[in-house]
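Trainee: Here you go, coords-v3.cif (mmCIF, C-alpha atoms):
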data_data
#
loop_
_atom_site.label_atom_id
_atom_site.label_comp_id
_atom_site.auth_asym_id
_atom_site.auth_seq_id
_atom_site.Cartn_x
_atom_site.Cartn_y
_atom_site.Cartn_z
CA MET A 1 45.22 2.13 248.52
CA ALA A 2 44.03 -1.20 249.84
CA HIS A 3 46.08 -4.28 250.43
CA ILE A 4 44.71 -7.45 248.85
CA THR A 5 45.75 -11.08 248.70
CA VAL A 6 44.18 -13.10 245.91
CA THR A 7 44.97 -16.61 244.73
CA VAL A 8 44.95 -16.60 240.94
CA ASP A 9 45.31 -19.85 239.02
CA GLY A 10 46.83 -21.49 242.08
CA THR A 11 49.38 -18.78 242.88
CA SER A 12 48.91 -16.31 245.73
CA TYR A 13 49.39 -12.66 244.76
CA LYS A 14 49.61 -9.73 247.15
CA GLY A 15 49.13 -6.20 245.96
CA GLU A 16 48.14 -2.62 246.70
CA VAL A 17 45.12 -1.50 244.72
CA GLU A 18 43.00 1.59 244.43
CA PRO A 19 39.49 0.62 245.56
CA ARG A 20 38.14 1.74 242.19
CA LYS A 21 40.25 -0.75 240.25
CA LEU A 22 38.20 -3.40 238.47
CA LEU A 23 39.20 -7.02 238.93
CA VAL A 24 39.79 -7.45 235.18
CA HIS A 25 42.23 -4.52 235.15
CA TRP A 26 44.07 -5.91 238.18
CA LEU A 27 44.36 -9.32 236.53
CA ARG A 28 45.69 -7.86 233.29
CA GLU A 29 47.75 -4.89 234.41
CA ASP A 30 49.01 -5.82 237.85
CA ILE A 31 49.68 -9.55 237.54
CA GLY A 32 49.81 -10.02 233.78
CA ARG A 33 46.93 -12.49 233.32
CA VAL A 34 46.12 -11.04 229.91
CA GLY A 35 44.25 -14.15 228.77
CA THR A 36 41.20 -12.54 230.37
CA VAL A 37 40.09 -9.79 228.00
CA VAL A 38 37.97 -6.67 228.28
CA GLY A 39 35.13 -6.81 225.79
CA CYS A 40 32.29 -4.37 226.22
CA ASP A 41 33.02 -2.73 229.57
CA THR A 42 29.24 -2.64 230.14
CA SER A 43 28.63 -6.00 231.91
CA ASN A 44 26.96 -7.42 228.81
CA CYS A 45 29.42 -9.43 226.75
CA GLY A 46 31.03 -11.81 229.25
CA ALA A 47 34.45 -11.83 227.51
CA CYS A 48 36.03 -11.07 230.89
CA THR A 49 34.36 -14.03 232.67
CA VAL A 50 36.50 -15.71 235.33
CA LEU A 51 35.68 -18.04 238.20
CA LEU A 52 35.58 -16.34 241.60
CA ASN A 53 35.59 -18.98 244.33
CA GLY A 54 34.50 -21.48 241.73
CA ARG A 55 31.59 -19.59 240.17
CA SER A 56 31.52 -17.52 237.00
CA VAL A 57 31.56 -13.74 237.35
CA LYS A 58 32.18 -10.88 234.96
CA SER A 59 35.50 -9.47 236.14
CA CYS A 60 34.67 -6.03 234.74
CA SER A 61 31.84 -5.89 237.27
CA VAL A 62 33.79 -6.81 240.40
CA LEU A 63 36.13 -4.46 242.24
CA ALA A 64 39.58 -5.99 242.75
CA VAL A 65 39.37 -5.04 246.41
CA GLN A 66 36.24 -7.18 246.72
CA ALA A 67 38.23 -10.23 245.57
CA ASP A 68 40.53 -9.97 248.60
CA GLY A 69 40.90 -13.40 250.18
CA SER A 70 39.30 -15.15 247.21
CA GLU A 71 40.39 -17.67 244.63
CA VAL A 72 40.23 -16.65 240.98
CA THR A 73 40.56 -19.01 238.03
CA THR A 74 41.25 -17.48 234.63
CA ILE A 75 41.47 -19.09 231.21
CA GLN A 76 45.22 -19.37 231.88
CA GLY A 77 44.66 -21.58 234.88
CA LEU A 78 42.49 -24.21 233.24
CA SER A 79 45.04 -26.51 231.65
CA ASP A 80 46.88 -29.08 233.71
CA GLY A 81 50.45 -28.71 232.49
CA ASN A 82 50.38 -29.81 228.86
CA GLU A 83 46.89 -31.24 229.21
CA TRP A 84 44.17 -28.94 228.05
CA HIS A 85 40.97 -28.75 229.98
CA PRO A 86 38.28 -30.78 228.14
CA VAL A 87 36.32 -27.59 227.49
CA GLN A 88 39.34 -26.10 225.70
CA THR A 89 39.72 -29.29 223.66
CA ALA A 90 36.05 -29.28 222.76
CA PHE A 91 36.13 -25.66 221.55
CA LYS A 92 39.12 -26.57 219.35
CA GLU A 93 37.61 -29.78 218.00
CA CYS A 94 34.21 -28.23 217.24
CA HIS A 95 35.72 -24.91 216.12
CA GLY A 96 33.61 -23.07 218.67
CA LEU A 97 35.08 -19.71 217.69
CA GLN A 98 35.95 -17.48 214.81
CA CYS A 99 37.84 -14.35 215.86
CA GLY A 100 38.40 -15.83 219.33
CA TYR A 101 37.82 -12.70 221.35
CA CYS A 102 34.84 -14.06 223.29
CA THR A 103 36.48 -17.47 223.72
CA PRO A 104 38.14 -17.04 227.14
CA GLY A 105 34.79 -15.96 228.58
CA MET A 106 32.85 -18.62 226.69
CA VAL A 107 35.19 -21.32 227.99
CA MET A 108 34.98 -20.10 231.60
CA ALA A 109 31.19 -19.80 231.46
CA THR A 110 31.08 -23.33 230.05
CA VAL A 111 33.26 -24.69 232.85
CA ASP A 112 30.85 -23.15 235.34
CA LEU A 113 27.77 -24.41 233.53
CA LEU A 114 29.07 -27.99 233.36
CA SER A 115 30.06 -27.93 237.02
CA GLU A 116 26.42 -27.35 237.90
CA ASN A 117 24.81 -29.32 235.08
CA PRO A 118 27.11 -32.00 233.59
CA THR A 119 24.60 -33.04 230.92
CA PRO A 120 22.87 -29.90 229.68
CA SER A 121 20.29 -29.91 226.88
CA GLU A 122 20.76 -27.52 223.97
CA GLN A 123 18.25 -25.16 225.57
CA GLU A 124 20.14 -25.30 228.87
CA ILE A 125 23.42 -24.59 227.06
CA ARG A 126 21.97 -21.56 225.33
CA GLU A 127 20.48 -20.25 228.56
CA GLY A 128 23.65 -21.06 230.50
CA LEU A 129 25.72 -18.98 228.09
CA GLU A 130 23.23 -16.15 227.73
CA GLY A 131 25.63 -13.77 229.46
CA ASN A 132 28.31 -14.32 226.83
CA LEU A 133 28.08 -12.66 223.44
CA CYS A 134 29.76 -13.85 220.25
CA ARG A 135 29.53 -11.57 217.23
CA CYS A 136 31.03 -14.10 214.76
CA THR A 137 29.72 -17.61 215.05
CA GLY A 138 25.99 -17.40 215.44
CA TYR A 139 26.61 -19.63 218.48
CA HIS A 140 26.02 -22.87 216.57
CA ASN A 141 29.52 -24.28 216.99
CA ILE A 142 29.77 -22.93 220.50
CA VAL A 143 26.70 -24.93 221.51
CA LYS A 144 28.22 -27.99 219.82
CA SER A 145 31.47 -27.39 221.70
CA VAL A 146 29.72 -27.28 225.06
CA SER A 147 27.82 -30.42 224.27
CA TYR A 148 31.04 -32.17 223.20
CA ALA A 149 32.82 -30.92 226.33
CA ALA A 150 30.06 -32.49 228.43
CA ASP A 151 30.63 -35.79 226.60
CA LEU A 152 34.41 -35.57 227.12
CA MET A 153 34.05 -34.81 230.81
CA SER A 154 31.55 -37.59 231.44
CA ALA A 155 33.90 -39.99 229.62
CA GLY A 156 36.64 -39.41 232.19
CA PRO A 157 39.72 -37.35 232.84
CA THR A 158 42.07 -38.92 230.27
CA LYS A 159 40.57 -37.11 227.29
CA GLY A 160 41.55 -33.61 226.31
CA ALA A 161 45.23 -33.95 225.38
CA LYS A 162 46.81 -31.08 223.56
CA MET B 1 35.52 3.78 231.90
CA ILE B 2 37.38 3.89 235.19
CA PRO B 3 35.24 4.85 238.21
CA VAL B 4 36.06 8.02 240.14
CA GLU B 5 38.21 7.62 243.23
CA PHE B 6 36.46 6.53 246.39
CA ASP B 7 37.31 5.01 249.74
CA TYR B 8 36.28 1.46 250.57
CA VAL B 9 35.46 -0.10 253.90
CA LYS B 10 34.42 -3.68 254.45
CA VAL B 11 32.24 -4.30 257.49
CA THR B 12 31.12 -7.49 259.20
CA THR B 13 28.22 -6.30 261.37
CA ILE B 14 25.13 -4.17 260.82
CA ASP B 15 26.29 -1.74 263.52
CA GLN B 16 29.61 -1.26 261.73
CA ALA B 17 27.75 -0.66 258.49
CA ILE B 18 25.54 2.02 260.02
CA ALA B 19 28.55 3.69 261.65
CA ALA B 20 30.49 3.60 258.36
CA LEU B 21 27.55 5.12 256.46
CA LYS B 22 27.35 7.88 259.04
CA ALA B 23 31.09 8.54 258.96
CA GLY B 24 31.05 8.64 255.16
CA GLY B 25 28.37 11.30 255.04
CA GLU B 26 25.74 11.78 252.40
CA ASP B 27 27.87 10.48 249.52
CA SER B 28 28.50 7.08 251.08
CA LYS B 29 26.99 4.08 249.30
CA ILE B 30 26.36 0.48 250.23
CA ILE B 31 27.82 -2.23 248.00
CA SER B 32 27.55 -5.99 248.22
CA GLY B 33 27.38 -7.84 244.88
CA GLY B 34 27.80 -4.58 243.01
CA GLN B 35 26.12 -5.81 239.84
CA SER B 36 23.99 -2.68 239.56
CA LEU B 37 26.43 -0.30 241.26
CA VAL B 38 29.70 -1.16 239.51
CA PRO B 39 28.26 -0.50 236.02
CA VAL B 40 26.95 2.83 237.31
CA LEU B 41 30.36 3.62 238.82
CA ARG B 42 32.04 2.74 235.52
CA LEU B 43 29.78 5.20 233.71
CA ARG B 44 30.58 7.79 236.40
CA MET B 45 26.86 8.21 236.95
CA ALA B 46 27.63 7.77 240.67
CA GLU B 47 30.53 9.40 242.46
CA PRO B 48 30.46 8.04 246.02
CA SER B 49 32.94 9.23 248.63
CA VAL B 50 33.03 5.82 250.29
CA LEU B 51 31.68 2.37 249.50
CA VAL B 52 30.59 0.34 252.52
CA ASP B 53 30.86 -3.34 251.57
CA CYS B 54 28.12 -5.28 253.35
CA GLY B 55 28.66 -8.53 251.45
CA ALA B 56 30.21 -10.35 254.41
CA ILE B 57 27.72 -9.61 257.19
CA ASP B 58 26.57 -13.01 258.46
CA GLU B 59 23.11 -11.76 259.37
CA MET B 60 22.58 -10.63 255.77
CA LEU B 61 23.46 -13.99 254.23
CA GLY B 62 21.35 -17.06 253.65
CA VAL B 63 17.74 -18.18 253.91
CA ARG B 64 16.07 -19.35 257.11
CA GLU B 65 12.67 -20.57 258.16
CA ASP B 66 10.82 -18.33 260.63
CA GLY B 67 7.62 -20.14 261.57
CA GLY B 68 5.10 -19.18 258.92
CA SER B 69 7.62 -17.21 256.89
CA ILE B 70 11.01 -17.54 255.30
CA THR B 71 13.58 -14.79 255.82
CA ILE B 72 16.20 -14.03 253.22
CA GLY B 73 19.34 -12.08 254.09
CA ALA B 74 19.63 -9.05 251.85
CA ALA B 75 23.15 -9.94 250.67
CA THR B 76 22.19 -13.45 249.55
CA THR B 77 23.00 -13.82 245.86
CA HIS B 78 20.32 -14.36 243.25
CA HIS B 79 21.83 -17.76 242.51
CA ALA B 80 21.70 -18.78 246.16
CA VAL B 81 18.10 -17.58 246.44
CA MET B 82 16.78 -19.30 243.32
CA SER B 83 18.48 -22.60 244.16
CA ASN B 84 17.50 -22.60 247.84
CA PRO B 85 15.09 -25.45 248.78
CA LEU B 86 13.13 -23.27 251.24
CA VAL B 87 12.57 -20.62 248.56
CA GLN B 88 11.59 -23.24 246.01
CA LYS B 89 9.13 -24.81 248.45
CA HIS B 90 7.59 -21.76 250.10
CA ALA B 91 8.19 -18.84 247.73
CA LEU B 92 8.53 -20.41 244.31
CA LEU B 93 7.52 -17.17 242.58
CA LEU B 94 10.64 -15.50 243.96
CA ALA B 95 12.82 -18.29 242.55
CA GLN B 96 11.06 -18.02 239.21
CA ALA B 97 11.55 -14.24 239.02
CA THR B 98 15.14 -14.38 240.26
CA ALA B 99 16.01 -16.99 237.63
CA THR B 100 15.22 -14.43 234.91
CA VAL B 101 17.52 -11.71 236.29
CA ALA B 102 20.33 -10.90 233.82
CA ASP B 103 22.53 -13.99 233.28
CA PRO B 104 24.20 -16.71 235.36
CA ALA B 105 27.45 -14.81 236.04
CA ILE B 106 25.54 -11.77 237.28
CA ARG B 107 23.26 -13.97 239.39
CA HIS B 108 26.33 -15.50 241.05
CA ARG B 109 27.40 -12.09 242.26
CA GLY B 110 24.31 -9.87 242.39
CA THR B 111 22.12 -9.98 245.48
CA THR B 112 18.33 -10.19 245.65
CA GLY B 113 18.16 -7.72 248.53
CA GLY B 114 20.36 -5.37 246.55
CA ALA B 115 18.01 -5.57 243.58
CA LEU B 116 15.05 -4.81 245.86
CA ALA B 117 16.83 -1.83 247.46
CA HIS B 118 17.95 -0.61 244.01
CA ALA B 119 14.27 -0.68 242.95
CA ASP B 120 14.77 -0.47 239.22
CA PRO B 121 11.23 -0.36 237.77
CA ALA B 122 12.41 -2.84 235.11
CA GLY B 123 13.93 -5.19 237.70
CA ASP B 124 12.23 -8.56 238.06
CA VAL B 125 12.34 -9.11 241.81
CA PRO B 126 10.23 -6.20 243.14
CA ALA B 127 7.05 -7.43 241.38
CA ALA B 128 7.52 -10.87 242.94
CA ALA B 129 8.11 -9.33 246.39
CA LEU B 130 4.88 -7.34 246.01
CA ALA B 131 2.85 -10.36 244.90
CA LEU B 132 4.24 -12.43 247.77
CA ASP B 133 3.42 -9.72 250.37
CA ALA B 134 7.04 -9.53 251.49
CA SER B 135 8.08 -7.41 254.46
CA PHE B 136 11.41 -5.67 254.81
CA THR B 137 13.65 -5.28 257.85
CA ILE B 138 15.58 -2.02 257.74
CA ALA B 139 18.27 -1.02 260.24
CA GLY B 140 19.41 2.53 260.91
CA PRO B 141 20.82 4.78 263.61
CA GLY B 142 17.46 4.71 265.39
CA GLY B 143 17.17 0.92 265.48
CA ARG B 144 15.20 -1.47 263.33
CA ARG B 145 11.83 -1.25 261.66
CA THR B 146 9.74 -3.45 259.42
CA VAL B 147 8.10 -2.13 256.27
CA ALA B 148 5.42 -3.93 254.22
CA ALA B 149 6.03 -4.39 250.51
CA LYS B 150 3.22 -1.98 249.64
CA ASP B 151 5.04 0.77 251.55
CA PHE B 152 8.58 -0.17 250.47
CA PHE B 153 8.76 0.90 246.82
CA LEU B 154 8.26 4.67 246.77
CA ASP B 155 9.39 5.91 243.38
CA TYR B 156 11.84 5.38 240.53
CA PHE B 157 14.94 3.83 242.20
CA THR B 158 13.62 4.96 245.58
CA THR B 159 12.57 2.81 248.53
CA ALA B 160 11.76 3.27 252.19
CA VAL B 161 15.43 2.61 253.01
CA GLY B 162 16.87 5.98 254.07
CA PRO B 163 20.37 7.17 253.15
CA ASP B 164 21.65 6.32 256.64
CA GLU B 165 19.88 2.94 256.72
CA ILE B 166 20.46 -0.55 255.37
CA LEU B 167 18.15 -3.33 254.23
CA VAL B 168 19.02 -6.28 256.46
CA SER B 169 16.61 -8.92 255.19
CA PHE B 170 13.16 -9.50 253.79
CA SER B 171 10.55 -12.03 254.82
CA ILE B 172 7.92 -13.82 252.78
CA PRO B 173 4.86 -15.55 254.26
CA LYS B 174 4.95 -19.17 253.10
CA CYS B 175 2.88 -19.49 249.96
CA ASP B 176 2.01 -22.79 248.32
CA TRP B 177 -0.24 -21.30 245.64
CA GLY B 178 0.54 -21.82 241.98
CA SER B 179 2.93 -19.23 240.66
CA HIS B 180 4.57 -17.95 237.50
CA TYR B 181 6.77 -15.06 236.44
CA ALA B 182 6.31 -14.10 232.80
CA LYS B 183 8.90 -11.75 231.37
CA PHE B 184 8.74 -10.16 227.96
CA ASN B 185 12.01 -8.95 226.50
CA ARG B 186 13.61 -8.89 223.08
CA THR B 187 17.05 -10.34 223.68
CA ALA B 188 18.87 -12.61 226.10
CA GLN B 189 19.83 -10.99 229.43
CA ALA B 190 17.77 -7.88 228.59
CA TRP B 191 15.62 -6.01 231.06
CA ALA B 192 11.91 -6.75 231.08
CA ILE B 193 9.88 -4.60 228.72
CA VAL B 194 6.98 -5.84 230.85
CA GLY B 195 6.97 -8.57 233.47
CA VAL B 196 4.13 -10.17 235.43
CA ALA B 197 4.51 -12.00 238.72
CA ALA B 198 1.46 -14.07 239.65
CA VAL B 199 0.48 -16.28 242.58
CA VAL B 200 -2.94 -17.90 242.35
CA ASN B 201 -4.94 -19.95 244.83
CA VAL B 202 -7.10 -22.46 242.97
CA GLU B 203 -9.64 -24.71 244.66
CA GLY B 204 -11.72 -27.15 242.68
CA GLY B 205 -10.78 -25.53 239.38
CA VAL B 206 -11.90 -22.07 240.55
CA ILE B 207 -9.62 -19.16 241.40
CA LYS B 208 -10.22 -18.17 245.03
CA GLU B 209 -7.60 -15.45 245.26
CA ALA B 210 -4.79 -14.05 243.14
CA ARG B 211 -1.99 -11.59 243.74
CA ILE B 212 -0.26 -10.04 240.76
CA GLY B 213 2.78 -7.76 240.56
CA LEU B 214 3.73 -5.85 237.42
CA THR B 215 7.27 -5.02 236.32
CA ASN B 216 8.01 -1.84 234.36
CA MET B 217 4.44 -0.53 234.19
CA ALA B 218 5.05 2.43 236.55
CA PRO B 219 7.95 4.17 238.32
CA THR B 220 7.85 1.24 240.76
CA ALA B 221 6.61 -2.31 240.58
CA VAL B 222 2.85 -2.24 241.21
CA ARG B 223 0.03 -4.63 242.07
CA ALA B 224 -2.62 -5.22 239.40
CA SER B 225 -5.41 -4.96 241.97
CA THR B 226 -8.27 -4.64 239.47
CA VAL B 227 -7.20 -7.90 237.83
CA GLU B 228 -6.86 -9.55 241.23
CA ALA B 229 -10.47 -8.67 242.07
CA ALA B 230 -11.74 -9.70 238.64
CA LEU B 231 -10.03 -13.10 238.87
CA VAL B 232 -11.96 -14.25 241.93
CA GLY B 233 -14.30 -16.99 240.71
CA ALA B 234 -12.57 -17.41 237.35
CA SER B 235 -12.64 -20.99 236.11
CA SER B 236 -11.81 -20.83 232.42
CA ALA B 237 -9.21 -19.41 230.08
CA ALA B 238 -11.83 -16.95 228.82
CA ASP B 239 -12.48 -15.76 232.40
CA ILE B 240 -8.75 -15.19 232.90
CA THR B 241 -8.36 -13.35 229.60
CA ALA B 242 -11.30 -11.12 230.48
CA ALA B 243 -9.89 -10.33 233.92
CA ALA B 244 -6.44 -9.65 232.45
CA MET B 245 -7.92 -6.92 230.24
CA HIS B 246 -7.70 -4.74 233.37
CA ALA B 247 -3.93 -5.26 233.74
CA ALA B 248 -3.03 -1.74 232.62
CA ASP B 249 -5.71 -0.04 234.75
CA GLY B 250 -4.13 2.58 236.97
CA THR B 251 -0.60 1.97 235.67
CA ARG B 252 1.78 4.68 234.46
CA ALA B 253 3.78 2.98 231.72
CA THR B 254 6.45 5.07 230.03
CA SER B 255 7.67 5.21 226.44
CA ASP B 256 11.32 4.51 225.70
CA LEU B 257 13.41 3.04 222.90
CA HIS B 258 12.14 -0.46 223.68
CA ALA B 259 8.40 0.21 223.67
CA LYS B 260 5.77 2.90 223.67
CA ALA B 261 3.42 3.17 226.62
CA ASP B 262 0.38 1.86 224.75
CA TYR B 263 2.36 -1.18 223.61
CA ARG B 264 3.42 -1.82 227.22
CA GLU B 265 -0.25 -1.62 228.23
CA HIS B 266 -1.13 -4.16 225.55
CA LEU B 267 1.71 -6.41 226.69
CA ALA B 268 0.59 -6.17 230.31
CA ARG B 269 -2.85 -7.53 229.37
CA VAL B 270 -1.46 -10.37 227.26
CA ILE B 271 1.36 -11.33 229.62
CA THR B 272 -0.90 -11.18 232.68
CA ALA B 273 -3.26 -13.69 231.10
CA ARG B 274 -0.33 -15.97 230.27
CA ALA B 275 1.14 -15.68 233.78
CA VAL B 276 -2.17 -16.38 235.50
CA ARG B 277 -2.93 -19.33 233.24
CA ALA B 278 0.51 -20.80 233.91
CA ALA B 279 0.21 -20.18 237.64
CA SER B 280 -3.33 -21.56 237.93
CA GLY B 281 -3.12 -24.41 235.44
CA ILE B 282 -6.42 -23.20 233.97
#
What is this structure when it is put down as structure tokens?
Mentor:
Amino acid sequence: MAHITVTVDGTSYKGEVEPRKLLVHWLREDIGRVGTVVGCDTSNCGACTVLLNGRSVKSCSVLAVQADGSEVTTIQGLSDGNEWHPVQTAFKECHGLQCGYCTPGMVMATVDLLSENPTPSEQEIREGLEGNLCRCTGYHNIVKSVSYAADLMSAGPTKGAK
Amino acid sequence: MIPVEFDYVKVTTIDQAIAALKAGGEDSKIISGGQSLVPVLRLRMAEPSVLVDCGAIDEMLGVREDGGSITIGAATTHHAVMSNPLVQKHALLLAQATATVADPAIRHRGTTGGALAHADPAGDVPAAALALDASFTIAGPGGRRTVAAKDFFLDYFTTAVGPDEILVSFSIPKCDWGSHYAKFNRTAQAWAIVGVAAVVNVEGGVIKEARIGLTNMAPTAVRASTVEAALVGASSAADITAAAMHAADGTRATSDLHAKADYREHLARVITARAVRAASGI
């Protein structure tokens, strides 16, 4: 077993993990952050996307032990109290989902994309989300959601109320 | 699936890494970003006794200028490589190829040196390293040695890095030629069915020299040397297309569920012409 300390959504967690434990399993099983889901378990679908030290990663493809000393942000850490993150608001307003299973990963990948490129073109949105698969929507409303999120975020921090 | 049990040791120096590999015996494996290794572990296609994490060795991180070359630490992530100003200025082809690897989340975590040492014949970076005449610094129990790109990729998933050694960094002679990486695949984030990495020196509208690496046309990335020779003196699209007809010469393309060998050979000719035209502006 290895001892790890990881800050998740602003709270520091200490734990003993087997080195083989995947970060997504540690998040879900050891500390109860079940908002992050396991989709394909093959590194393809991106449903398990979280931010690791501020950048998107697929948490099924990172060992929990490798996250020792890091900061992780999950879908459950995005909102500010009762205020949704603008990306969450945009996915709701544009109905950027159907079954919702890919949504936590889509939202986290979008947060990362907009942190690097606050005003992406449609092409840049599609390429920025190429690691996230949705089997319902055909991506149309997801692309609209990302574009709307970019508008909300450039308009300032007051938008995005629940 | 859940990987098999293994031990894990995180090291902070090359010497520690070499000692840990030795202590772990023949089933020890190096990990840094883990974007090729963790999927393999999950499938239980690898059952290492110990993983030696080399992702926090200072010497293996970052890009630096070394006179006429740039040197890239082997544990530098794809994202850091492709967005690095030195890489964009002096080895643009590498940035172009790296930008096509998998998807953004994987590029944040996966390392370019790891992809080179993994040597997947369908990986995008080896062809660029070949075309850019990269050289590789390998450390082992006997000290350090430097291996040229042409001697680095030995076979399917096999490089000059021995089981008790580690790739520390790779260097690329500064190259300001036109460049392009053309990748043919069917779906987003898919592996290349065929890829072509091209750097072309054009003077007065005439190609003086070209270096071309092919992805997924053999058990390793290979140079399209017949095309390179045929391109010297080319000054028109027709010249380039004619030279690119040699792109499959001497290759050993395989058939799989994505493409048959003869289709790969066809693609190599077409994609080579596109890559050279984009790189040369002709």
Trainee: Using all atoms listed in the file and a cut-off of 10 Å, which residues of chain A sit close to chain B? Please list them as a ChimeraX atom specification.
Mentor: /A:1-2,18-22,25,41-44,46,49-52,55-63,65-66,109,112-113,126-133
Trainee: Kindly give the distance, in Å, that separates atom CA of B:Leu267 and atom CA of B:Ala160, rounded to a single decimal.
Mentor: 29.1 Å
Trainee: Could you give me, as a list in words, the residues that have an atom at most 10 Å away from the point (18.2, -24.8, 219.7) in the coordinates of the file, using only C-alpha atoms?
Mentor: Ser121, Glu122, Gln123, Glu124, Ile125, Arg126, Tyr139, His140 and Val143 of chain A
Trainee: Determine the residue set returned by the PyMOL selection byres ((chain B and resi 169) around 12) for the present structure, and present it as a count of residues only.
Mentor: 39
Trainee: Within 8 Å of B:Thr272, counting only C-alpha atoms, which residues show up once you throw out same-chain ones fewer than 3 positions away? Write them as a PDB file with C-alpha atoms, in the coordinates of the input, please.
Mentor:
ATOM      1  CA  ALA B 182       6.310 -14.100 232.800  1.00  0.00           C
ATOM      2  CA  VAL B 196       4.130 -10.170 235.430  1.00  0.00           C
ATOM      3  CA  ALA B 198       1.460 -14.070 239.650  1.00  0.00           C
ATOM      4  CA  ALA B 244      -6.440  -9.650 232.450  1.00  0.00           C
ATOM      5  CA  ALA B 247      -3.930  -5.260 233.740  1.00  0.00           C
ATOM      6  CA  ALA B 268       0.590  -6.170 230.310  1.00  0.00           C
ATOM      7  CA  ARG B 269      -2.850  -7.530 229.370  1.00  0.00           C
ATOM      8  CA  ALA B 275       1.140 -15.680 233.780  1.00  0.00           C
ATOM      9  CA  VAL B 276      -2.170 -16.380 235.500  1.00  0.00           C
TER      10      VAL B 276
END
Trainee: Which residues are near A:Gln88? Cut-off 10 Å, only C-alpha atoms, ignore same chain within fewer than 6 positions. Put them as an mmCIF file with C-alpha atoms, in the frame of the given file.
Mentor:
data_model
loop_
_atom_site.group_PDB
_atom_site.id
_atom_site.type_symbol
_atom_site.label_atom_id
_atom_site.label_comp_id
_atom_site.auth_asym_id
_atom_site.auth_seq_id
_atom_site.Cartn_x
_atom_site.Cartn_y
_atom_site.Cartn_z
ATOM 1 C CA ILE A 75 41.470 -19.090 231.210
ATOM 2 C CA LEU A 78 42.490 -24.210 233.240
ATOM 3 C CA SER A 79 45.040 -26.510 231.650
ATOM 4 C CA GLY A 96 33.610 -23.070 218.670
ATOM 5 C CA THR A 103 36.480 -17.470 223.720
ATOM 6 C CA PRO A 104 38.140 -17.040 227.140
ATOM 7 C CA MET A 106 32.850 -18.620 226.690
ATOM 8 C CA VAL A 107 35.190 -21.320 227.990
ATOM 9 C CA MET A 108 34.980 -20.100 231.600
ATOM 10 C CA THR A 110 31.080 -23.330 230.050
ATOM 11 C CA VAL A 111 33.260 -24.690 232.850
ATOM 12 C CA SER A 145 31.470 -27.390 221.700
ATOM 13 C CA VAL A 146 29.720 -27.280 225.060
ATOM 14 C CA ALA A 149 32.820 -30.920 226.330
ATOM 15 C CA GLY A 160 41.550 -33.610 226.310
ATOM 16 C CA ALA A 161 45.230 -33.950 225.380
ATOM 17 C CA LYS A 162 46.810 -31.080 223.560
#
Trainee: Could you expand the PyMOL selection byres ((chain A and resi 14) around 12) into the explicit residues it covers here, written as a short mmCIF file (atom, residue, chain, number, x, y, z; two decimals) with C-alpha atoms, in the frame of the given file?
Mentor:
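Generated file (out11.cif):
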data_model
loop_
_atom_site.label_atom_id
_atom_site.label_comp_id
_atom_site.auth_asym_id
_atom_site.auth_seq_id
_atom_site.Cartn_x
_atom_site.Cartn_y
_atom_site.Cartn_z
CA ALA A 2 44.03 -1.20 249.84
CA HIS A 3 46.08 -4.28 250.43
CA ILE A 4 44.71 -7.45 248.85
CA THR A 5 45.75 -11.08 248.70
CA VAL A 6 44.18 -13.10 245.91
CA THR A 7 44.97 -16.61 244.73
CA VAL A 8 44.95 -16.60 240.94
CA THR A 11 49.38 -18.78 242.88
CA SER A 12 48.91 -16.31 245.73
CA TYR A 13 49.39 -12.66 244.76
CA GLY A 15 49.13 -6.20 245.96
CA GLU A 16 48.14 -2.62 246.70
CA VAL A 17 45.12 -1.50 244.72
CA TRP A 26 44.07 -5.91 238.18
CA LEU A 27 44.36 -9.32 236.53
CA ASP A 30 49.01 -5.82 237.85
CA ILE A 31 49.68 -9.55 237.54
CA ALA A 64 39.58 -5.99 242.75
CA VAL A 65 39.37 -5.04 246.41
CA ALA A 67 38.23 -10.23 245.57
CA ASP A 68 40.53 -9.97 248.60
CA GLY A 69 40.90 -13.40 250.18
CA SER A 70 39.30 -15.15 247.21
#
Trainee: Report the distance between atom CA of B:His246 and atom CA of B:Ala148 in Å, rounded to one decimal place.
Mentor: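 If I compute the distance from atom CA of B:His246 to atom CA of B:Ala148, I get 24.6 Å.
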Trainee: Return as a list in words the set of residues that the PyMOL selection byres ((chain B and resi 12) around 6) yields on the displayed structure.
Mentor: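 Selection result, ordered by chain and number: Val11, Thr13, Ala56 and Ile57 of chain B.
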Trainee: Expressed in Å to a single decimal, how great is the separation between atom CA of B:Glu228 and atom CA of B:Ala278?
Mentor: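 Rounded to one decimal, the two atoms are 15.3 Å apart.
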Trainee: Nearest residue to B:Glu265 out of B:Gly204, B:Gly233, B:Pro121, B:Gly195, using all atoms listed in the file?
Mentor: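 Using all atoms listed in the file, the shortest distance to B:Glu265 belongs to B:Gly195.
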Trainee: Give the answer as one residue: which of A:Ala47, A:Ala90, A:Leu97, A:Val34 has the shortest atom-to-atom distance to A:Gly77, using only C-alpha atoms?
Mentor: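 Ranked by minimum distance to A:Gly77, first place goes to A:Val34.
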Trainee: Compile the contact shell of A:Ser154 as a ChimeraX atom specification: residues with an atom at most 8 Å away, counting only C-alpha atoms, same-chain residues fewer than 3 positions apart removed.
Mentor: /A:118,150-151
Trainee: For a quick check of understanding, using all atoms listed in the file, which of B:Asn216, B:Ser179, B:Thr251, B:Ser236 has the smallest distance to B:Ala192?
Mentor: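 Using all atoms listed in the file, the shortest distance to B:Ala192 belongs to B:Asn216.
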Trainee: List the neighbours of A:Gln76 out to 8 Å using only C-alpha atoms; skip same-chain residues closer than 5 positions along the sequence, and give me the result as a PyMOL selection string.
Mentor: chain A and resi 9+33+35
